[in-house]
file target09.txt (compact mmCIF, C-alpha atoms and all ligand atoms)
# COMPACT_ATOMS: atom_id res chain seq x y z
CA TRP A 1 112.62 89.61 85.07
CA ASN A 2 114.73 92.40 86.47
CA GLU A 3 113.95 95.98 85.56
CA PRO A 4 116.24 98.89 86.48
CA ILE A 5 114.01 101.77 87.62
CA GLY A 6 116.60 104.29 88.75
CA ASP A 7 120.34 104.82 88.97
CA ALA A 8 120.62 102.26 91.77
CA SER A 9 117.17 100.70 92.02
CA LEU A 10 115.99 97.39 90.65
CA LEU A 11 112.50 95.93 90.29
CA LEU A 12 112.62 92.12 90.56
CA HIS A 13 109.30 90.94 89.16
CA GLY A 14 107.89 87.96 91.06
CA PHE A 15 111.12 87.44 93.01
CA VAL A 16 109.49 85.85 96.09
CA LEU A 17 106.88 83.72 94.32
CA ALA A 18 108.95 80.53 94.51
CA GLN A 19 108.78 80.81 98.32
CA GLU A 20 105.32 82.29 98.54
CA GLU A 21 103.84 79.80 101.01
CA ALA A 22 106.79 79.84 103.41
CA LEU A 23 106.87 83.62 103.26
CA LEU A 24 103.15 83.92 104.02
CA ALA A 25 103.46 81.47 106.91
CA ALA A 26 106.29 83.54 108.39
CA LEU A 27 104.29 86.72 107.91
CA ARG A 28 101.24 85.20 109.62
CA GLY A 29 103.41 84.38 112.63
CA VAL A 30 104.66 87.94 112.91
CA ILE A 31 101.16 89.40 112.64
CA ALA A 32 99.80 86.96 115.23
CA GLU A 33 102.39 88.27 117.70
CA ALA A 34 102.28 91.98 116.79
CA PRO A 35 98.94 92.79 115.13
CA PHE A 36 98.33 95.54 112.61
CA ARG A 37 97.33 98.86 114.13
CA LYS A 38 96.54 102.32 112.77
CA MET A 39 99.01 104.94 113.86
CA GLN A 40 98.59 108.70 114.01
CA THR A 41 100.74 111.14 112.11
CA PRO A 42 102.50 113.89 114.10
CA GLY A 43 99.74 116.16 112.79
CA GLY A 44 97.17 113.96 114.52
CA ARG A 45 95.60 112.32 111.47
CA PRO A 46 95.15 108.55 111.26
CA MET A 47 97.24 106.91 108.53
CA SER A 48 95.13 105.04 105.99
CA VAL A 49 97.50 102.08 106.15
CA ALA A 50 97.69 99.81 109.19
CA THR A 51 101.22 98.90 110.28
CA THR A 52 103.31 96.56 112.36
CA SER A 53 107.01 95.63 112.41
CA CYS A 54 109.47 92.85 113.07
CA GLY A 55 113.18 92.90 113.76
CA ARG A 56 115.15 94.72 116.44
CA LEU A 57 113.65 98.09 115.55
CA GLY A 58 110.07 98.89 114.63
CA TRP A 59 108.83 102.07 113.03
CA MET A 60 106.16 104.10 114.77
CA THR A 61 104.44 107.45 114.57
CA ASP A 62 102.33 109.40 117.04
CA ARG A 63 101.85 113.02 118.06
CA ARG A 64 105.51 113.12 119.13
CA GLY A 65 106.81 112.25 115.66
CA TYR A 66 108.16 109.47 113.46
CA ARG A 67 110.80 107.16 114.92
CA TYR A 68 112.18 103.66 115.36
CA VAL A 69 111.73 101.96 118.73
CA THR A 70 112.83 98.63 120.23
CA GLY A 71 109.53 98.09 122.08
CA ASP A 72 106.03 97.75 120.62
CA PRO A 73 103.85 100.54 122.09
CA LEU A 74 100.71 98.39 121.60
CA ARG A 75 102.12 95.57 123.72
CA GLY A 76 103.68 97.37 126.68
CA GLN A 77 107.02 97.95 124.88
CA ALA A 78 107.49 94.21 124.35
CA PRO A 79 110.24 93.49 121.81
CA TRP A 80 109.07 93.35 118.21
CA PRO A 81 108.77 89.82 116.75
CA VAL A 82 112.03 88.35 115.52
CA MET A 83 112.57 88.93 111.82
CA PRO A 84 111.96 85.50 110.24
CA PRO A 85 115.27 84.32 108.72
CA LEU A 86 113.52 83.52 105.43
CA LEU A 87 112.46 87.16 105.11
CA ALA A 88 115.90 88.51 106.00
CA ASP A 89 117.48 86.07 103.51
CA LEU A 90 115.16 87.06 100.65
CA ALA A 91 115.85 90.75 101.30
CA GLY A 92 119.59 90.08 101.41
CA GLN A 93 119.52 88.13 98.13
CA ALA A 94 117.55 90.85 96.38
CA ALA A 95 119.89 93.57 97.65
CA ALA A 96 122.91 91.60 96.43
CA LEU A 97 121.41 91.36 92.92
CA ALA A 98 121.10 95.15 92.93
CA GLY A 99 124.73 95.64 93.96
CA PHE A 100 124.43 95.80 97.75
CA PRO A 101 126.15 92.58 98.87
CA ALA A 102 126.11 92.91 102.66
CA PHE A 103 122.59 94.10 103.41
CA CYS A 104 121.67 93.14 106.96
CA PRO A 105 118.33 94.74 107.89
CA ASP A 106 117.48 95.41 111.54
CA SER A 107 113.89 96.47 110.80
CA CYS A 108 111.00 95.28 108.67
CA LEU A 109 107.99 97.59 108.49
CA ILE A 110 104.79 95.90 107.37
CA ASN A 111 102.07 98.07 105.82
CA ARG A 112 98.56 96.82 105.11
CA TYR A 113 96.44 98.60 102.50
CA VAL A 114 92.75 97.87 102.21
CA PRO A 115 91.02 99.29 99.09
CA GLY A 116 91.18 103.08 99.25
CA ALA A 117 94.28 103.17 101.45
CA LYS A 118 97.23 105.13 100.07
CA MET A 119 100.56 106.63 101.01
CA SER A 120 101.19 110.26 100.10
CA LEU A 121 104.49 111.35 98.56
CA HIS A 122 107.22 111.38 101.20
CA GLN A 123 110.91 110.71 101.78
CA ASP A 124 112.23 108.03 104.14
CA LYS A 125 114.58 109.95 106.43
CA ASP A 126 114.15 108.29 109.83
CA GLU A 127 117.05 105.88 109.28
CA ALA A 128 120.61 106.50 110.44
CA ASP A 129 122.54 105.69 107.23
CA PHE A 130 121.16 106.65 103.82
CA SER A 131 123.94 104.71 102.06
CA GLN A 132 122.04 101.56 103.04
CA PRO A 133 119.34 100.53 100.56
CA ILE A 134 115.71 99.70 101.32
CA VAL A 135 114.19 96.48 100.02
CA SER A 136 110.42 96.19 99.56
CA VAL A 137 108.20 93.17 98.94
CA SER A 138 104.69 93.65 97.58
CA LEU A 139 101.93 91.11 98.24
CA GLY A 140 98.25 90.91 97.35
CA LEU A 141 96.35 93.53 95.37
CA PRO A 142 98.35 95.54 92.83
CA ALA A 143 99.22 99.17 93.50
CA VAL A 144 100.55 102.06 91.49
CA PHE A 145 103.84 103.18 93.00
CA GLN A 146 104.90 106.78 92.42
CA PHE A 147 108.65 107.31 92.14
CA GLY A 148 109.51 110.99 92.20
CA GLY A 149 112.73 112.92 92.44
CA LEU A 150 114.71 114.59 95.19
CA ALA A 151 112.28 117.55 95.21
CA ARG A 152 108.63 117.07 96.11
CA SER A 153 107.65 118.99 92.99
CA ASP A 154 109.44 116.57 90.60
CA THR A 155 106.91 114.70 88.43
CA PRO A 156 106.83 111.08 89.59
CA GLN A 157 107.27 108.03 87.37
CA ARG A 158 104.66 105.33 87.91
CA TYR A 159 105.20 101.59 88.31
CA LEU A 160 102.64 98.89 88.94
CA LEU A 161 103.75 96.69 91.84
CA THR A 162 102.08 93.28 91.95
CA HIS A 163 102.06 90.19 94.15
CA GLY A 164 105.57 88.85 94.64
CA ASP A 165 107.47 91.86 93.32
CA VAL A 166 110.60 92.99 95.13
CA VAL A 167 112.26 96.36 94.71
CA VAL A 168 115.69 97.43 95.93
CA TRP A 169 116.04 101.18 96.38
CA GLY A 170 119.56 102.42 96.87
CA GLY A 171 122.27 104.94 96.18
CA PRO A 172 120.99 108.24 94.86
CA ASP A 173 117.42 106.86 94.70
CA ARG A 174 117.29 106.31 98.44
CA LEU A 175 116.08 109.84 99.16
CA ARG A 176 113.66 110.17 96.26
CA PHE A 177 110.08 111.12 97.06
CA HIS A 178 107.71 108.19 96.68
CA GLY A 179 104.16 107.18 97.42
CA VAL A 180 101.35 104.76 96.64
CA LEU A 181 98.09 105.71 94.88
CA PRO A 182 94.84 104.54 96.51
CA VAL A 183 94.56 100.77 96.16
CA ARG A 184 91.66 99.82 93.90
CA PRO A 185 88.97 97.44 95.16
CA GLY A 186 89.58 93.84 94.23
CA GLU A 187 90.13 90.34 95.49
CA HIS A 188 93.52 88.67 95.30
CA PRO A 189 93.30 84.87 95.08
CA ARG A 190 95.86 84.30 97.83
CA MET A 191 95.63 87.51 99.90
CA GLY A 192 91.99 88.61 99.63
CA ALA A 193 91.02 92.28 99.51
CA GLN A 194 94.29 93.79 100.68
CA ARG A 195 97.82 94.73 99.73
CA ILE A 196 100.65 94.07 102.16
CA ASN A 197 104.04 95.70 101.69
CA LEU A 198 107.17 94.78 103.63
CA THR A 199 110.09 97.21 103.76
CA PHE A 200 113.44 96.00 105.03
CA ARG A 201 115.78 98.64 106.36
CA VAL A 202 118.95 99.25 108.27
CA ALA A 203 117.32 101.70 110.66
CA GLY A 204 119.80 101.95 113.51
C1 LIG B 301 111.89 104.59 97.40
N1 LIG B 301 106.03 102.17 101.71
O1 LIG B 301 106.84 102.40 104.22
S1 LIG B 301 107.51 100.53 99.48
C2 LIG B 301 107.21 103.30 103.44
O2 LIG B 301 104.25 100.29 99.37
C3 LIG B 301 106.75 103.23 102.04
O3 LIG B 301 104.05 100.53 101.51
C4 LIG B 301 105.46 102.02 100.40
O4 LIG B 301 107.03 104.11 101.31
C5 LIG B 301 104.52 100.84 100.42
O5 LIG B 301 107.97 104.22 103.76
C6 LIG B 301 106.46 101.90 99.33
C7 LIG B 301 108.74 101.10 98.46
C8 LIG B 301 109.73 102.11 98.94
C9 LIG B 301 110.12 102.19 100.26
C10 LIG B 301 111.08 103.09 100.62
C11 LIG B 301 111.69 103.90 99.66
C12 LIG B 301 110.32 102.90 98.02
C13 LIG B 301 111.29 103.80 98.35
C14 LIG B 301 112.70 104.82 99.99
C15 LIG B 301 113.29 105.57 99.02
C16 LIG B 301 112.88 105.47 97.73
FE FE B 302 108.56 105.38 102.18
call {"tool": "encode", "arguments": {"input": "target09.txt", "output": "structure tokens"}}
result
Amino acid sequence: WNEPIGDASLLLHGFVLAQEEALLAALRGVIAEAPFRKMQTPGGRPMSVATTSCGRLGWMTDRRGYRYVTGDPLRGQAPWPVMPPLLADLAGQAAALAGFPAFCPDSCLINRYVPGAKMSLHQDKDEADFSQPIVSVSLGLPAVFQFGGLARSDTPQRYLLTHGDVVVWGGPDRLRFHGVLPVRPGEHPRMGAQRINLTFRVAG
């Protein structure tokens, strides 16, 4: 079912489950080409999530800052894997249901959380056009998502994101602070002891 969670954000429970196997096969292909790696924050601390990307632009962070790049730093600036059309289509369909009919992402950031990994409250501000929504797909172990306000100090709402859930974040919600609480230990029948989150963006 579809659950509005903000002025212009929509949680589509189980939206990708009908295409679970094709989606996982596409994801495996991307990861085989551009493996997960742990990046460093500009402050020099390792992120607890491991990341990779597909699409024209991939997100990275190192001592020089957060940014999108066309070449994978782990593979000699080779282009990021092509965004599998199935993934781009699913993201586009979800965005349309939330009122964004022409969503054409040029970047898909893939985050892997093992138990204990988390993402602290932050805003996504590295993209060029904040009028474009972000679409996320959650896979594997459940996680508590924190959805705050436009100020870091605003008390966040909490939502449980589970395997197959898709969220479209747009309009005034696009710049809300958000984060993920530490993933609890567990074993997902299809994904094992991990959570994988895909975020589709128009970055450039
Ligand atoms: C709400 N990832 O990669 S996805 C991120 O589960 C990130 O890996 C989280 O935050 C994860 O930047 C959350 C959901 C998400 C993504 C971007 C948003 C929610 C958002 C941007 C604005 C508001
Ligand atoms: Fe984010």
call {"tool": "residues_around", "arguments": {"input": "target09.txt", "residues": "A:Thr199", "least_positions_apart": "5", "cutoff": "8 Å", "atoms": "only C-alpha atoms", "output": "ChimeraX atom specification"}}
result
/A:108-110,134-137
call {"tool": "closest_atom_pairs", "arguments": {"input": "target09.txt", "of": "chain A", "to": "ligand LIG 301 (chain B)", "cutoff": "9 Å", "atoms": "only C-alpha atoms and all ligand atoms", "output": "CSV"}}
result
residue,atom,partner,partner_atom,distance
A:Ser9,CA,B:LIG301,C1,8.5
A:Val49,CA,B:LIG301,O3,8.2
A:Thr51,CA,B:LIG301,O1,9.0
A:Leu109,CA,B:LIG301,O1,6.5
A:Ile110,CA,B:LIG301,O3,7.5
A:Asn111,CA,B:LIG301,O3,5.3
A:Arg112,CA,B:LIG301,O3,7.5
A:Tyr113,CA,B:LIG301,O3,7.9
A:Lys118,CA,B:LIG301,O3,8.4
A:Met119,CA,B:LIG301,C4,6.8
A:Ser120,CA,B:LIG301,O4,8.6
A:Leu121,CA,B:LIG301,O4,8.2
A:His122,CA,B:LIG301,O4,7.3
A:Gln123,CA,B:LIG301,C15,6.3
A:Asp124,CA,B:LIG301,C14,5.3
A:Lys125,CA,B:LIG301,C14,8.4
A:Pro133,CA,B:LIG301,C14,7.9
A:Ile134,CA,B:LIG301,C10,5.8
A:Val135,CA,B:LIG301,C9,7.0
A:Ser136,CA,B:LIG301,S1,5.2
A:Val137,CA,B:LIG301,S1,7.4
A:Ser138,CA,B:LIG301,O2,6.9
A:Ala143,CA,B:LIG301,O2,7.8
A:Val144,CA,B:LIG301,O2,8.9
A:Phe145,CA,B:LIG301,C6,7.0
A:Gln146,CA,B:LIG301,C6,8.6
A:Phe147,CA,B:LIG301,C1,6.8
A:Gly148,CA,B:LIG301,C16,8.5
A:Leu161,CA,B:LIG301,O2,8.4
A:Val166,CA,B:LIG301,C7,9.0
A:Val167,CA,B:LIG301,C7,7.0
A:Val168,CA,B:LIG301,C12,7.9
A:Trp169,CA,B:LIG301,C1,5.5
A:Gly170,CA,B:LIG301,C15,7.3
A:Asp173,CA,B:LIG301,C16,5.6
A:Arg174,CA,B:LIG301,C15,4.1
A:Leu175,CA,B:LIG301,C15,5.1
A:Arg176,CA,B:LIG301,C16,5.0
A:Phe177,CA,B:LIG301,C16,6.3
A:His178,CA,B:LIG301,C1,5.6
A:Gly179,CA,B:LIG301,O4,5.7
A:Val180,CA,B:LIG301,O2,6.0
A:Arg195,CA,B:LIG301,O2,8.5
A:Ile196,CA,B:LIG301,O3,7.3
A:Asn197,CA,B:LIG301,O3,4.8
A:Leu198,CA,B:LIG301,O3,6.9
A:Thr199,CA,B:LIG301,S1,6.0
A:Phe200,CA,B:LIG301,C9,8.5
A:Arg201,CA,B:LIG301,C10,8.7
call {"tool": "write_last_selection", "arguments": {"input": "target09.txt", "atoms": "C-alpha atoms", "output": "short mmCIF file (atom, residue, chain, number, x, y, z; two decimals), keeping the file's coordinate frame"}}
result
data_model
loop_
_atom_site.label_atom_id
_atom_site.label_comp_id
_atom_site.auth_asym_id
_atom_site.auth_seq_id
_atom_site.Cartn_x
_atom_site.Cartn_y
_atom_site.Cartn_z
CA SER A 9 117.17 100.70 92.02
CA VAL A 49 97.50 102.08 106.15
CA THR A 51 101.22 98.90 110.28
CA LEU A 109 107.99 97.59 108.49
CA ILE A 110 104.79 95.90 107.37
CA ASN A 111 102.07 98.07 105.82
CA ARG A 112 98.56 96.82 105.11
CA TYR A 113 96.44 98.60 102.50
CA LYS A 118 97.23 105.13 100.07
CA MET A 119 100.56 106.63 101.01
CA SER A 120 101.19 110.26 100.10
CA LEU A 121 104.49 111.35 98.56
CA HIS A 122 107.22 111.38 101.20
CA GLN A 123 110.91 110.71 101.78
CA ASP A 124 112.23 108.03 104.14
CA LYS A 125 114.58 109.95 106.43
CA PRO A 133 119.34 100.53 100.56
CA ILE A 134 115.71 99.70 101.32
CA VAL A 135 114.19 96.48 100.02
CA SER A 136 110.42 96.19 99.56
CA VAL A 137 108.20 93.17 98.94
CA SER A 138 104.69 93.65 97.58
CA ALA A 143 99.22 99.17 93.50
CA VAL A 144 100.55 102.06 91.49
CA PHE A 145 103.84 103.18 93.00
CA GLN A 146 104.90 106.78 92.42
CA PHE A 147 108.65 107.31 92.14
CA GLY A 148 109.51 110.99 92.20
CA LEU A 161 103.75 96.69 91.84
CA VAL A 166 110.60 92.99 95.13
CA VAL A 167 112.26 96.36 94.71
CA VAL A 168 115.69 97.43 95.93
CA TRP A 169 116.04 101.18 96.38
CA GLY A 170 119.56 102.42 96.87
CA ASP A 173 117.42 106.86 94.70
CA ARG A 174 117.29 106.31 98.44
CA LEU A 175 116.08 109.84 99.16
CA ARG A 176 113.66 110.17 96.26
CA PHE A 177 110.08 111.12 97.06
CA HIS A 178 107.71 108.19 96.68
CA GLY A 179 104.16 107.18 97.42
CA VAL A 180 101.35 104.76 96.64
CA ARG A 195 97.82 94.73 99.73
CA ILE A 196 100.65 94.07 102.16
CA ASN A 197 104.04 95.70 101.69
CA LEU A 198 107.17 94.78 103.63
CA THR A 199 110.09 97.21 103.76
CA PHE A 200 113.44 96.00 105.03
CA ARG A 201 115.78 98.64 106.36
#
call {"tool": "closest_residue", "arguments": {"input": "target09.txt", "among": "A:Tyr159, A:Phe100, A:Trp1, A:Trp59", "to": "ligand FE 302 (chain B)", "atoms": "all atoms listed in the file"}}
result
A:Trp59
call {"tool": "residues_near_point", "arguments": {"input": "target09.txt", "point": "(99.8, 118.9, 116.4)", "cutoff": "10 Å", "atoms": "only C-alpha atoms", "output": "VMD selection string"}}
result
chain A and resid 41 to 45 62 to 65
call {"tool": "residues_around", "arguments": {"input": "target09.txt", "residues": "A:Val114", "least_positions_apart": "4", "cutoff": "7 Å", "atoms": "only C-alpha atoms", "output": "VMD selection string"}}
result
chain A and resid 183 193 to 195
call {"tool": "closest_residue", "arguments": {"input": "target09.txt", "among": "A:Ala96, A:Ala117, A:Ala128, A:Cys54", "to": "A:Gly71", "atoms": "all atoms listed in the file"}}
result
A:Cys54
call {"tool": "residues_around", "arguments": {"input": "target09.txt", "residues": "A:Glu20", "least_positions_apart": "4", "cutoff": "8 Å", "atoms": "all atoms listed in the file", "output": "short mmCIF file (atom, residue, chain, number, x, y, z; two decimals) with C-alpha atoms, keeping the file's coordinate frame"}}
result
data_model
loop_
_atom_site.label_atom_id
_atom_site.label_comp_id
_atom_site.auth_asym_id
_atom_site.auth_seq_id
_atom_site.Cartn_x
_atom_site.Cartn_y
_atom_site.Cartn_z
CA VAL A 16 109.49 85.85 96.09
CA LEU A 24 103.15 83.92 104.02
CA GLY A 164 105.57 88.85 94.64
#
call {"tool": "closest_residue", "arguments": {"input": "target09.txt", "among": "A:Glu21, A:Glu127, A:Asp89, A:Glu3", "to": "ligand FE 302 (chain B)", "atoms": "all atoms listed in the file"}}
result
A:Glu127
call {"tool": "closest_residue", "arguments": {"input": "target09.txt", "among": "A:Leu86, A:Arg37, A:Leu150, A:Gln132", "to": "A:Ala102", "atoms": "only C-alpha atoms"}}
result
A:Gln132
call {"tool": "closest_residue", "arguments": {"input": "target09.txt", "among": "A:Gly149, A:Pro156, A:Asp126, A:Pro172", "to": "ligand FE 302 (chain B)", "atoms": "only C-alpha atoms and all ligand atoms"}}
result
A:Asp126
call {"tool": "residues_around", "arguments": {"input": "target09.txt", "residues": "A:Asp129", "least_positions_apart": "5", "cutoff": "10 Å", "atoms": "all atoms listed in the file", "output": "ChimeraX atom specification"}}
result
/A:201-204
call {"tool": "closest_residue", "arguments": {"input": "target09.txt", "among": "A:Ser153, A:Ser53, A:Thr70, A:Gln93", "to": "A:Pro35", "atoms": "all atoms listed in the file"}}
result
A:Ser53
call {"tool": "atom_distance", "arguments": {"input": "target09.txt", "atom1": "atom CA of A:Ala8", "atom2": "atom CA of A:Ala151"}}
result
17.8 Å
call {"tool": "residues_around", "arguments": {"input": "target09.txt", "residues": "A:Thr61", "least_positions_apart": "6", "cutoff": "10 Å", "atoms": "only C-alpha atoms", "output": "MDAnalysis selection string"}}
result
chainID A and resid 38:42 44 46:47 67:68
call {"tool": "atom_distance", "arguments": {"input": "target09.txt", "atom1": "atom CA of A:Gln19", "atom2": "atom CA of A:Leu90"}}
result
9.2 Å
call {"tool": "atom_distance", "arguments": {"input": "target09.txt", "atom1": "atom CA of A:Trp80", "atom2": "atom CA of A:Pro182"}}
result
28.3 Å
